[in-house]
Amino acid sequence: MATKEAKINARNTIKTDNKTAKFGKEIYLKWYRDMLLIRKFEEKTGQLYIQQKFGGFCHLYIGQEAIAVGTASACRPTDKHMTAYRDHAHPIALGTDPRILMAELFGRSTGCSKGKGGSMHFFDKSKNFMGGHGIVGAQIPMGTGVAFAEMYNGTENVAFVSMGDGAVRQGSLHETFNMAMLWKIPVIFIIENNNYAMGTSVERTTNVLDLSKIGLSYEMPSKIVNGMSPEDVHNAIEEAANRARRGDGPTLLDIRTYRYKGHSMSDPQKYRTKDEVNQWIEKDPIEHCLEVIIKNKWLTQKEIEDIDQSVKKEIDESVEFAENSPYPDANEIYKDVYTQQDYPYIKEYLA
């Protein structure tokens with residue numbers, strides 16, 4: 001019988017394609033800057049949360065940046081994206097202004113969800129980011145519905161539905177997978193597999209450590225992807241998107257990654273060791289991109305420092321924008337909840 005250590009080692013052995021796409025200077029520079037922007041945004045968010053600048057729950061994406069940027073670089077601007085409550089990185093990778101994201105954290109009217117959603121409910125229709133969702137697994141059928149709408153309307157757009165490894169245990173996932181394969185819906189299911197559902201490891205929840213096998217039950221094309229490599233993520237996303245656009249239906253990607261911080265800001269992280277965290281930090285995707293850039297002499301040290309300063313300035317400006325933005329008016333509580341047709345009657349009833 002396999003030992004627990006053997007199971008963990010087997011699980012963390014990441015399979016990758018031998019076919020490696022050729023990526024040039026432009027995309028590496030974009031990956032580097034976007035991942036750095038995500039990282040700095042999240043680090044600042046953590047600091048501000050500790051300072052009690054805003055409340056609610058807060059889940060950081062630090063360590064997982066390669067998934068967001070690799071997906072963004074491989075998709076079309078018209079594709080749709082939906083994720084769970086660890087949702088800060090996705091809109092940044094898609095090009096959302098960090099100022100309106102920071103304002104949303106602060107609950108200000110200039111926020112991407114008008115200050116009503118907070119950390120777990122970012123939304124940006126202009127970038128086709130259809131939201132972060134607070135209920136575990138809720139985005140799986142909802143995102144597939146968005147993909148069905150694209151298919152129904154005859155577009156070639158694809159919907160990307162991201163989830164954590166814990167959400168895989170939801171029954172709605174299996175109902176959705178069955179329908180998605182039956183109707184060949186153009187949806188890509190992305191498991192952002194960071195090893196832990198809150199504080200519970202994958203090893204403690206299933207004897208099937210390869211989560212991509214769940215897709216095979218429905219004869220859905222499925223694979224494991226190295227989530228610490230934007231190249232591997234891009235390649236896997238591009239392949240799956242091409243399949244979906246051809247009308248061949250969904251793909252399941254078990255993208256192996258790791259969060260360097262706790263599940264949320266209140267997580268003491270007693271379920272894992274510092275050695276384990278450090279082993280994954282050695283695979284840091286930002287450092288990987290920087291090494292490629294330096295090796296190819298695409299930037300001087302001064303230019304690298306300029307990017308760092310530019311990102312820092314952008315984060316500082318986002319905080320200043322948020323702090324100087326007004327809170328929503330009290331009457332806003334009635335808006336964006338009911339349809340315009342129902343609104344007068346509801347307002348009268350609540351008066």
# chains A, B, ... in the order shown; residues from 1 in each chain; ligands from 1
$ residues_around --residues "segment 301-315 of chain A" --least-positions-apart "3" --cutoff "8 Å" --atoms "only C-alpha atoms" --output "ChimeraX atom specification"
/A:33,36-37,40-41,44,98-99,318-319
$ residues_around --residues "Asp79 of chain A" --least-positions-apart "4" --cutoff "12 Å" --atoms "only C-alpha atoms" --output "VMD selection string"
chain A and resid 71 to 75 94 125 to 130 143 146 to 147 149 to 151 155 to 161 186 to 188 241 244 to 245
$ closest_residue --among "A:Ile185, A:Gly111, A:Asn195, A:Val202" --to "Met220 of chain A" --atoms "only C-alpha atoms"
A:Ile185
$ select_by_dssp --residues "segment 219-292 of chain A" --states "helix (DSSP H, G or I)" --output "NGL selection string"
:A and (230-245 or 274-281 or 285-292)
$ write_last_selection --atoms "C-alpha atoms" --output "CSV table (one decimal), in the first residue's frame"
chain,number,residue,atom,x,y,z
A,230,PRO,CA,2.8,30.6,-18.0
A,231,GLU,CA,4.1,28.8,-21.1
A,232,ASP,CA,2.4,25.5,-20.2
A,233,VAL,CA,-0.8,27.3,-19.1
A,234,HIS,CA,-0.9,29.2,-22.4
A,235,ASN,CA,-0.3,26.1,-24.5
A,236,ALA,CA,-3.0,24.1,-22.6
A,237,ILE,CA,-5.5,26.9,-22.8
A,238,GLU,CA,-4.9,27.6,-26.4
A,239,GLU,CA,-5.3,23.9,-27.3
A,240,ALA,CA,-8.6,23.7,-25.3
A,241,ALA,CA,-9.9,26.9,-26.8
A,242,ASN,CA,-9.2,25.8,-30.3
A,243,ARG,CA,-11.1,22.5,-29.7
A,244,ALA,CA,-14.1,24.4,-28.2
A,245,ARG,CA,-14.2,26.9,-31.1
A,274,LYS,CA,7.4,26.1,6.0
A,275,ASP,CA,9.6,23.7,4.0
A,276,GLU,CA,6.7,22.8,1.8
A,277,VAL,CA,5.9,26.4,1.1
A,278,ASN,CA,9.6,27.2,0.4
A,279,GLN,CA,9.8,24.3,-2.1
A,280,TRP,CA,7.0,25.9,-4.1
A,281,ILE,CA,8.4,29.4,-3.8
A,285,PRO,CA,6.6,32.0,-12.0
A,286,ILE,CA,7.6,35.7,-11.7
A,287,GLU,CA,11.2,34.7,-11.0
A,288,HIS,CA,11.1,32.2,-13.9
A,289,CYS,CA,10.0,34.9,-16.4
A,290,LEU,CA,12.6,37.3,-15.1
A,291,GLU,CA,15.3,34.7,-15.6
A,292,VAL,CA,14.2,34.2,-19.2
$ residues_around --residues "Asp329 of chain A" --least-positions-apart "2" --cutoff "12 Å" --atoms "only C-alpha atoms" --output "list in words"
Gly107, Arg108, Ser109, Thr110, Lys114, Gly115, Lys116, Pro326, Tyr327, Asn331, Glu332, Ile333, Tyr334 and Lys335 of chain A
$ write_last_selection --atoms "N, CA and C atoms" --output "CSV table (one decimal), in the first residue's frame"
chain,number,residue,atom,x,y,z
A,107,GLY,N,-15.0,49.5,-0.8
A,107,GLY,CA,-16.5,49.7,-0.8
A,107,GLY,C,-16.9,51.0,-1.3
A,108,ARG,N,-16.2,51.5,-2.2
A,108,ARG,CA,-16.5,52.9,-2.8
A,108,ARG,C,-17.3,52.8,-4.1
A,109,SER,N,-18.0,53.9,-4.4
A,109,SER,CA,-18.9,53.9,-5.5
A,109,SER,C,-18.2,53.8,-6.8
A,110,THR,N,-16.9,54.1,-6.9
A,110,THR,CA,-16.1,54.0,-8.1
A,110,THR,C,-15.6,52.6,-8.3
A,114,LYS,N,-19.4,48.8,-8.0
A,114,LYS,CA,-20.0,50.0,-7.4
A,114,LYS,C,-19.9,50.0,-5.8
A,115,GLY,N,-18.9,49.2,-5.3
A,115,GLY,CA,-18.7,49.2,-3.9
A,115,GLY,C,-19.7,48.2,-3.2
A,116,LYS,N,-20.4,47.4,-3.9
A,116,LYS,CA,-21.4,46.5,-3.3
A,116,LYS,C,-20.9,45.1,-3.2
A,326,PRO,N,-15.8,58.4,-3.1
A,326,PRO,CA,-17.0,58.4,-2.2
A,326,PRO,C,-17.6,57.1,-1.9
A,327,TYR,N,-18.3,56.9,-0.8
A,327,TYR,CA,-19.1,55.7,-0.6
A,327,TYR,C,-20.3,55.8,-1.4
A,331,ASN,N,-29.4,55.4,-1.3
A,331,ASN,CA,-30.4,54.9,-2.3
A,331,ASN,C,-29.9,53.8,-3.2
A,332,GLU,N,-28.6,53.6,-3.3
A,332,GLU,CA,-28.0,52.6,-4.1
A,332,GLU,C,-28.3,51.2,-3.7
A,333,ILE,N,-28.8,51.1,-2.4
A,333,ILE,CA,-29.1,49.8,-1.9
A,333,ILE,C,-30.3,49.1,-2.7
A,334,TYR,N,-31.1,50.0,-3.4
A,334,TYR,CA,-32.2,49.5,-4.1
A,334,TYR,C,-31.9,49.1,-5.6
A,335,LYS,N,-30.7,49.6,-6.0
A,335,LYS,CA,-30.4,49.4,-7.4
A,335,LYS,C,-29.5,48.1,-7.6
$ atom_distance --atom1 "atom CA of Thr144 of chain A" --atom2 "atom CA of Ala180 of chain A"
7.2 Å
$ select_by_dssp --residues "segment 120-163 of chain A" --states "strand (DSSP E or B)" --output "number ranges by chain"
A: 124, 129-132, 159-163
$ write_last_selection --atoms "N, CA and C atoms" --output "mmCIF file, in the first residue's frame"
data_model
loop_
_atom_site.group_PDB
_atom_site.id
_atom_site.type_symbol
_atom_site.label_atom_id
_atom_site.label_comp_id
_atom_site.auth_asym_id
_atom_site.auth_seq_id
_atom_site.Cartn_x
_atom_site.Cartn_y
_atom_site.Cartn_z
ATOM 1 N N ASP A 124 -16.251 42.923 -14.178
ATOM 2 C CA ASP A 124 -15.925 43.925 -15.193
ATOM 3 C C ASP A 124 -16.444 43.469 -16.545
ATOM 4 N N PHE A 129 -15.159 39.866 -17.841
ATOM 5 C CA PHE A 129 -14.955 39.144 -16.591
ATOM 6 C C PHE A 129 -16.296 39.122 -15.873
ATOM 7 N N MET A 130 -16.906 37.933 -15.844
ATOM 8 C CA MET A 130 -18.280 37.805 -15.377
ATOM 9 C C MET A 130 -18.394 37.551 -13.874
ATOM 10 N N GLY A 131 -17.324 37.830 -13.185
ATOM 11 C CA GLY A 131 -17.421 37.881 -11.744
ATOM 12 C C GLY A 131 -16.731 36.797 -10.954
ATOM 13 N N GLY A 132 -16.401 37.191 -9.738
ATOM 14 C CA GLY A 132 -16.000 36.250 -8.708
ATOM 15 C C GLY A 132 -17.258 35.867 -7.956
ATOM 16 N N ALA A 159 -16.055 30.190 -22.911
ATOM 17 C CA ALA A 159 -16.138 30.606 -21.509
ATOM 18 C C ALA A 159 -15.131 29.811 -20.689
ATOM 19 N N PHE A 160 -14.381 30.527 -19.856
ATOM 20 C CA PHE A 160 -13.402 29.907 -18.965
ATOM 21 C C PHE A 160 -13.962 29.937 -17.551
ATOM 22 N N VAL A 161 -14.093 28.777 -16.946
ATOM 23 C CA VAL A 161 -14.663 28.672 -15.606
ATOM 24 C C VAL A 161 -13.592 28.128 -14.667
ATOM 25 N N SER A 162 -13.144 28.969 -13.743
ATOM 26 C CA SER A 162 -12.083 28.584 -12.815
ATOM 27 C C SER A 162 -12.676 28.205 -11.465
ATOM 28 N N MET A 163 -12.026 27.241 -10.814
ATOM 29 C CA MET A 163 -12.490 26.773 -9.507
ATOM 30 C C MET A 163 -11.301 26.255 -8.709
#
$ closest_residue --among "A:Asp165, A:Tyr260, A:Phe23, A:Gln139" --to "Arg204 of chain A" --atoms "only C-alpha atoms"
A:Asp165
$ closest_residue --among "A:Arg76, A:Lys30, A:His174, A:His59" --to "Ser119 of chain A" --atoms "only C-alpha atoms"
A:His59
$ atom_distance --atom1 "atom CA of Pro91 of chain A" --atom2 "atom CA of Gly56 of chain A"
19.7 Å
